[in-house]
Amino acid sequence: MAAPVLYTRLVASFPAGVAPAAVDTLIDLARALGADLQAVLLEDIATLALAELPSPRAFDPRVSLWRDVQRGELQQELELATAVLRRRLEAAQSAGLHTQVTVARGGPGSMLGEYVQDSDLLVVTEPADPMARWVQPFTGLLEAALAAPAALLYLPHRGVRSSGPIAAFGSVVATRLARRLGQALGAPCVDAEAGQPAVRARSLHALLARLHERRVRVVVCDRAALGAHPGRTLQEAGDRRLAVLLAPAREAD
């Protein structure tokens, strides 16, 4: 493996229903950066508790209806999703990527405190189910990740485009990080506000539509650029298949 670029390790959270495209994007990113991949599988405690109820019901997003489920069915679905993810990561490891898989139980704060260091790139992966992006445990994980000092990559559930520029917005630190990421990925680095009116945008949210039109794959900014509703901004970016890389609280040497 080549010498690490930017980060020695990527620490990625994976919900049980993670989409394969997001997993593949992260594997490709780890390879491009020459980084190890620490995959943390988040065990959905609420779903496991639901499976123990006498007459559990679950919302099926495929038909937008609640349905009755058999006891043990939810547990089997979680185990199947975890097994599929493990096989994908094991295949990447066989191909030369150093990976480690851990199942995390408990709250998101304890997960971050146990596995993430300030020098890591923390990756939050969207659940494939749209409803799961607005409820626990994902919302708690995202809130804890935004409060962490490490660099944070918000990865859309569909992954990111395989081509397209890296855009920088806001701080000088974000611009430097965008340039280094562009060099690692062999992609051009552009100003997120290029072609905009003379008035500078106050938050990333105002630029999302334009970045989507320019087929930007990753936009780099700091947490302040997310505005008053950071979770909403990140999820709208994800809907446009745009990954957001938030610079760390302190710039790396």
# chains A, B, ... in the order shown; residues from 1 in each chain; ligands from 1
$ residues_around --residues "stretch 10-17 of chain A" --least-positions-apart "4" --cutoff "7 Å" --atoms "only C-alpha atoms" --output "list in words"
Ala30, Ala35, Asp36, Leu37, Gln38, Ala39, Val40, Leu41, Leu42, Leu78, Ala81, Thr82, Val116, Asp120, Leu121, Leu122, Val123, Val124, Thr125, Pro127 and Ala128 of chain A
$ select_by_dssp --residues "stretch 155-215 of chain A" --states "alpha helix (DSSP H)" --output "PyMOL selection string"
chain A and resi 172-185+208-213
$ write_last_selection --atoms "N, CA, C and O atoms" --output "PDB file, in the first residue's frame"
ATOM      1  N   VAL A 172      -9.771  29.189   4.745  1.00  0.00           N
ATOM      2  CA  VAL A 172      -8.493  28.868   4.106  1.00  0.00           C
ATOM      3  C   VAL A 172      -8.126  27.408   4.366  1.00  0.00           C
ATOM      4  O   VAL A 172      -7.604  26.720   3.492  1.00  0.00           O
ATOM      5  N   VAL A 173      -8.411  26.931   5.574  1.00  0.00           N
ATOM      6  CA  VAL A 173      -8.119  25.531   5.914  1.00  0.00           C
ATOM      7  C   VAL A 173      -8.889  24.593   4.990  1.00  0.00           C
ATOM      8  O   VAL A 173      -8.342  23.601   4.488  1.00  0.00           O
ATOM      9  N   ALA A 174     -10.158  24.906   4.734  1.00  0.00           N
ATOM     10  CA  ALA A 174     -10.961  24.077   3.841  1.00  0.00           C
ATOM     11  C   ALA A 174     -10.409  24.098   2.424  1.00  0.00           C
ATOM     12  O   ALA A 174     -10.384  23.071   1.735  1.00  0.00           O
ATOM     13  N   THR A 175      -9.947  25.242   1.972  1.00  0.00           N
ATOM     14  CA  THR A 175      -9.381  25.342   0.628  1.00  0.00           C
ATOM     15  C   THR A 175      -8.125  24.494   0.493  1.00  0.00           C
ATOM     16  O   THR A 175      -7.937  23.786  -0.500  1.00  0.00           O
ATOM     17  N   ARG A 176      -7.268  24.549   1.489  1.00  0.00           N
ATOM     18  CA  ARG A 176      -6.048  23.731   1.456  1.00  0.00           C
ATOM     19  C   ARG A 176      -6.384  22.248   1.448  1.00  0.00           C
ATOM     20  O   ARG A 176      -5.770  21.454   0.710  1.00  0.00           O
ATOM     21  N   LEU A 177      -7.347  21.861   2.276  1.00  0.00           N
ATOM     22  CA  LEU A 177      -7.726  20.454   2.339  1.00  0.00           C
ATOM     23  C   LEU A 177      -8.331  20.007   1.011  1.00  0.00           C
ATOM     24  O   LEU A 177      -8.063  18.888   0.546  1.00  0.00           O
ATOM     25  N   ALA A 178      -9.138  20.850   0.379  1.00  0.00           N
ATOM     26  CA  ALA A 178      -9.746  20.508  -0.903  1.00  0.00           C
ATOM     27  C   ALA A 178      -8.673  20.287  -1.969  1.00  0.00           C
ATOM     28  O   ALA A 178      -8.768  19.357  -2.791  1.00  0.00           O
ATOM     29  N   ARG A 179      -7.653  21.127  -1.963  1.00  0.00           N
ATOM     30  CA  ARG A 179      -6.577  20.975  -2.942  1.00  0.00           C
ATOM     31  C   ARG A 179      -5.832  19.654  -2.744  1.00  0.00           C
ATOM     32  O   ARG A 179      -5.508  18.955  -3.712  1.00  0.00           O
ATOM     33  N   ARG A 180      -5.566  19.302  -1.499  1.00  0.00           N
ATOM     34  CA  ARG A 180      -4.845  18.058  -1.221  1.00  0.00           C
ATOM     35  C   ARG A 180      -5.707  16.845  -1.575  1.00  0.00           C
ATOM     36  O   ARG A 180      -5.199  15.847  -2.098  1.00  0.00           O
ATOM     37  N   LEU A 181      -7.007  16.937  -1.308  1.00  0.00           N
ATOM     38  CA  LEU A 181      -7.899  15.840  -1.678  1.00  0.00           C
ATOM     39  C   LEU A 181      -7.968  15.710  -3.197  1.00  0.00           C
ATOM     40  O   LEU A 181      -7.952  14.596  -3.729  1.00  0.00           O
ATOM     41  N   GLY A 182      -8.042  16.837  -3.898  1.00  0.00           N
ATOM     42  CA  GLY A 182      -8.065  16.805  -5.351  1.00  0.00           C
ATOM     43  C   GLY A 182      -6.815  16.156  -5.917  1.00  0.00           C
ATOM     44  O   GLY A 182      -6.889  15.366  -6.866  1.00  0.00           O
ATOM     45  N   GLN A 183      -5.667  16.459  -5.339  1.00  0.00           N
ATOM     46  CA  GLN A 183      -4.413  15.849  -5.789  1.00  0.00           C
ATOM     47  C   GLN A 183      -4.441  14.335  -5.576  1.00  0.00           C
ATOM     48  O   GLN A 183      -4.005  13.563  -6.431  1.00  0.00           O
ATOM     49  N   ALA A 184      -4.966  13.904  -4.417  1.00  0.00           N
ATOM     50  CA  ALA A 184      -5.017  12.473  -4.115  1.00  0.00           C
ATOM     51  C   ALA A 184      -5.944  11.725  -5.059  1.00  0.00           C
ATOM     52  O   ALA A 184      -5.676  10.576  -5.436  1.00  0.00           O
ATOM     53  N   LEU A 185      -7.035  12.374  -5.463  1.00  0.00           N
ATOM     54  CA  LEU A 185      -8.022  11.715  -6.313  1.00  0.00           C
ATOM     55  C   LEU A 185      -7.801  11.992  -7.797  1.00  0.00           C
ATOM     56  O   LEU A 185      -8.536  11.462  -8.643  1.00  0.00           O
ATOM     57  N   LEU A 208     -25.918  24.452  -3.018  1.00  0.00           N
ATOM     58  CA  LEU A 208     -26.090  23.038  -3.341  1.00  0.00           C
ATOM     59  C   LEU A 208     -26.593  22.813  -4.760  1.00  0.00           C
ATOM     60  O   LEU A 208     -26.085  21.927  -5.476  1.00  0.00           O
ATOM     61  N   ALA A 209     -27.584  23.574  -5.190  1.00  0.00           N
ATOM     62  CA  ALA A 209     -28.131  23.377  -6.531  1.00  0.00           C
ATOM     63  C   ALA A 209     -27.061  23.634  -7.595  1.00  0.00           C
ATOM     64  O   ALA A 209     -26.936  22.871  -8.565  1.00  0.00           O
ATOM     65  N   ARG A 210     -26.288  24.700  -7.421  1.00  0.00           N
ATOM     66  CA  ARG A 210     -25.244  25.037  -8.380  1.00  0.00           C
ATOM     67  C   ARG A 210     -24.133  23.981  -8.391  1.00  0.00           C
ATOM     68  O   ARG A 210     -23.632  23.598  -9.455  1.00  0.00           O
ATOM     69  N   LEU A 211     -23.753  23.485  -7.230  1.00  0.00           N
ATOM     70  CA  LEU A 211     -22.721  22.445  -7.161  1.00  0.00           C
ATOM     71  C   LEU A 211     -23.184  21.166  -7.848  1.00  0.00           C
ATOM     72  O   LEU A 211     -22.399  20.466  -8.494  1.00  0.00           O
ATOM     73  N   HIS A 212     -24.481  20.864  -7.712  1.00  0.00           N
ATOM     74  CA  HIS A 212     -25.042  19.694  -8.383  1.00  0.00           C
ATOM     75  C   HIS A 212     -24.968  19.865  -9.903  1.00  0.00           C
ATOM     76  O   HIS A 212     -24.616  18.919 -10.632  1.00  0.00           O
ATOM     77  N   GLU A 213     -25.286  21.051 -10.406  1.00  0.00           N
ATOM     78  CA  GLU A 213     -25.219  21.317 -11.836  1.00  0.00           C
ATOM     79  C   GLU A 213     -23.791  21.178 -12.365  1.00  0.00           C
ATOM     80  O   GLU A 213     -23.580  20.721 -13.490  1.00  0.00           O
TER      81      GLU A 213
END
$ atom_distance --atom1 "atom CA of A:Val84" --atom2 "atom CA of A:Pro20"
8.9 Å
$ residues_around --residues "A:His157" --least-positions-apart "6" --cutoff "9 Å" --atoms "only C-alpha atoms" --output "JSON, numbers by chain"
{"A": [18, 19, 20, 21, 22, 23, 125, 126, 127, 128, 129, 238, 239, 241]}
$ write_last_selection --atoms "N, CA and C atoms" --output "compact mmCIF listing (two decimals), in the first residue's frame"
# COMPACT_ATOMS: atom_id res chain seq x y z
N VAL A 18 -27.06 -0.10 5.05
CA VAL A 18 -26.21 0.71 4.18
C VAL A 18 -26.28 0.19 2.75
N ALA A 19 -26.28 1.13 1.79
CA ALA A 19 -26.33 0.75 0.38
C ALA A 19 -24.95 0.31 -0.10
N PRO A 20 -24.87 -0.71 -0.96
CA PRO A 20 -23.57 -1.18 -1.47
C PRO A 20 -22.77 -0.07 -2.14
N ALA A 21 -23.43 0.88 -2.82
CA ALA A 21 -22.71 1.94 -3.51
C ALA A 21 -21.90 2.79 -2.54
N ALA A 22 -22.46 3.03 -1.36
CA ALA A 22 -21.74 3.82 -0.35
C ALA A 22 -20.52 3.07 0.17
N VAL A 23 -20.66 1.77 0.34
CA VAL A 23 -19.54 0.95 0.82
C VAL A 23 -18.42 0.96 -0.23
N THR A 125 -22.02 7.51 7.16
CA THR A 125 -22.66 7.00 5.96
C THR A 125 -24.18 7.04 6.12
N GLU A 126 -24.86 7.61 5.16
CA GLU A 126 -26.32 7.69 5.22
C GLU A 126 -26.96 6.30 5.14
N PRO A 127 -28.04 6.07 5.89
CA PRO A 127 -28.83 4.85 5.68
C PRO A 127 -29.53 4.92 4.32
N ALA A 128 -29.74 3.76 3.72
CA ALA A 128 -30.45 3.73 2.44
C ALA A 128 -31.92 4.11 2.60
N ASP A 129 -32.51 3.80 3.74
CA ASP A 129 -33.91 4.12 4.01
C ASP A 129 -34.05 5.61 4.32
N GLY A 238 -26.68 15.15 0.35
CA GLY A 238 -26.72 13.72 0.04
C GLY A 238 -27.76 13.39 -1.01
N ASP A 239 -28.91 14.08 -0.98
CA ASP A 239 -29.95 13.85 -1.99
C ASP A 239 -29.45 14.18 -3.39
N ARG A 241 -26.38 13.65 -4.29
CA ARG A 241 -25.21 12.78 -4.45
C ARG A 241 -23.91 13.59 -4.32
$ atom_distance --atom1 "atom CA of A:Thr99" --atom2 "atom CA of A:Thr139"
25.7 Å
$ closest_residue --among "A:Leu142, A:Ala150, A:Leu89, A:Ala95" --to "A:Tyr7" --atoms "only C-alpha atoms"
A:Ala150
$ select_by_dssp --residues "stretch 60-239 of chain A" --states "strand (DSSP E)" --output "PyMOL selection string"
chain A and resi 60+65-68+99-104+121-125+151-155+166-168+189-191+218-221
$ residues_around --residues "A:Val160" --least-positions-apart "6" --cutoff "8 Å" --atoms "only C-alpha atoms" --output "list of chain:residue names"
A:Ala22, A:Thr25, A:Arg217, A:Val218, A:Arg241, A:Leu242, A:Ala243
$ write_last_selection --atoms "all heavy atoms" --output "JSON list (two decimals), in the first residue's frame"
[["chain", "number", "residue", "atom", "x", "y", "z"],
["A", 22, "ALA", "N", -22.46, 3.03, -1.36],
["A", 22, "ALA", "CA", -21.74, 3.82, -0.35],
["A", 22, "ALA", "C", -20.52, 3.07, 0.17],
["A", 22, "ALA", "O", -19.46, 3.65, 0.39],
["A", 22, "ALA", "CB", -22.68, 4.18, 0.80],
["A", 25, "THR", "N", -17.81, 3.22, -2.51],
["A", 25, "THR", "CA", -17.20, 4.55, -2.54],
["A", 25, "THR", "C", -16.15, 4.68, -1.45],
["A", 25, "THR", "O", -15.05, 5.20, -1.68],
["A", 25, "THR", "CB", -18.27, 5.64, -2.37],
["A", 25, "THR", "OG1", -19.09, 5.69, -3.54],
["A", 25, "THR", "CG2", -17.63, 7.01, -2.18],
["A", 217, "ARG", "N", -18.26, 16.36, -6.93],
["A", 217, "ARG", "CA", -18.45, 15.12, -6.17],
["A", 217, "ARG", "C", -18.22, 15.29, -4.68],
["A", 217, "ARG", "O", -18.83, 14.59, -3.87],
["A", 217, "ARG", "CB", -17.58, 14.00, -6.72],
["A", 217, "ARG", "CG", -16.11, 14.29, -6.91],
["A", 217, "ARG", "CD", -15.38, 13.03, -7.34],
["A", 217, "ARG", "NE", -14.20, 13.30, -8.11],
["A", 217, "ARG", "CZ", -13.28, 12.38, -8.41],
["A", 217, "ARG", "NH1", -13.42, 11.15, -7.97],
["A", 217, "ARG", "NH2", -12.23, 12.69, -9.14],
["A", 218, "VAL", "N", -17.30, 16.18, -4.28],
["A", 218, "VAL", "CA", -17.06, 16.46, -2.87],
["A", 218, "VAL", "C", -16.89, 17.96, -2.70],
["A", 218, "VAL", "O", -16.14, 18.59, -3.45],
["A", 218, "VAL", "CB", -15.79, 15.75, -2.34],
["A", 218, "VAL", "CG1", -15.62, 16.03, -0.84],
["A", 218, "VAL", "CG2", -15.82, 14.26, -2.61],
["A", 241, "ARG", "N", -26.38, 13.65, -4.29],
["A", 241, "ARG", "CA", -25.21, 12.78, -4.45],
["A", 241, "ARG", "C", -23.91, 13.59, -4.32],
["A", 241, "ARG", "O", -22.95, 13.37, -5.05],
["A", 241, "ARG", "CB", -25.24, 12.03, -5.78],
["A", 241, "ARG", "CG", -24.44, 10.73, -5.74],
["A", 241, "ARG", "CD", -24.53, 9.97, -7.03],
["A", 241, "ARG", "NE", -23.68, 8.79, -6.99],
["A", 241, "ARG", "CZ", -23.48, 7.98, -8.03],
["A", 241, "ARG", "NH1", -24.07, 8.22, -9.18],
["A", 241, "ARG", "NH2", -22.69, 6.93, -7.92],
["A", 242, "LEU", "N", -23.91, 14.50, -3.38],
["A", 242, "LEU", "CA", -22.76, 15.36, -3.12],
["A", 242, "LEU", "C", -22.22, 15.06, -1.74],
["A", 242, "LEU", "O", -22.92, 15.24, -0.73],
["A", 242, "LEU", "CB", -23.17, 16.83, -3.22],
["A", 242, "LEU", "CG", -22.13, 17.88, -2.85],
["A", 242, "LEU", "CD1", -20.95, 17.83, -3.82],
["A", 242, "LEU", "CD2", -22.76, 19.27, -2.84],
["A", 243, "ALA", "N", -20.99, 14.58, -1.64],
["A", 243, "ALA", "CA", -20.37, 14.32, -0.35],
["A", 243, "ALA", "C", -19.85, 15.65, 0.22],
["A", 243, "ALA", "O", -19.44, 16.54, -0.52],
["A", 243, "ALA", "CB", -19.23, 13.33, -0.49]]
$ closest_residue --among "A:Gln196, A:Ser171, A:Ser203, A:Thr233" --to "A:Ala247" --atoms "only C-alpha atoms"
A:Ser171
$ residues_around --residues "A:Gly186" --least-positions-apart "5" --cutoff "10 Å" --atoms "only C-alpha atoms" --output "list in words"
Ala32, Ser163, Gly164, Pro165, Ile166, Arg180 and Leu181 of chain A
$ atom_distance --atom1 "atom CA of A:Ala132" --atom2 "atom CA of A:Ala144"
16.5 Å
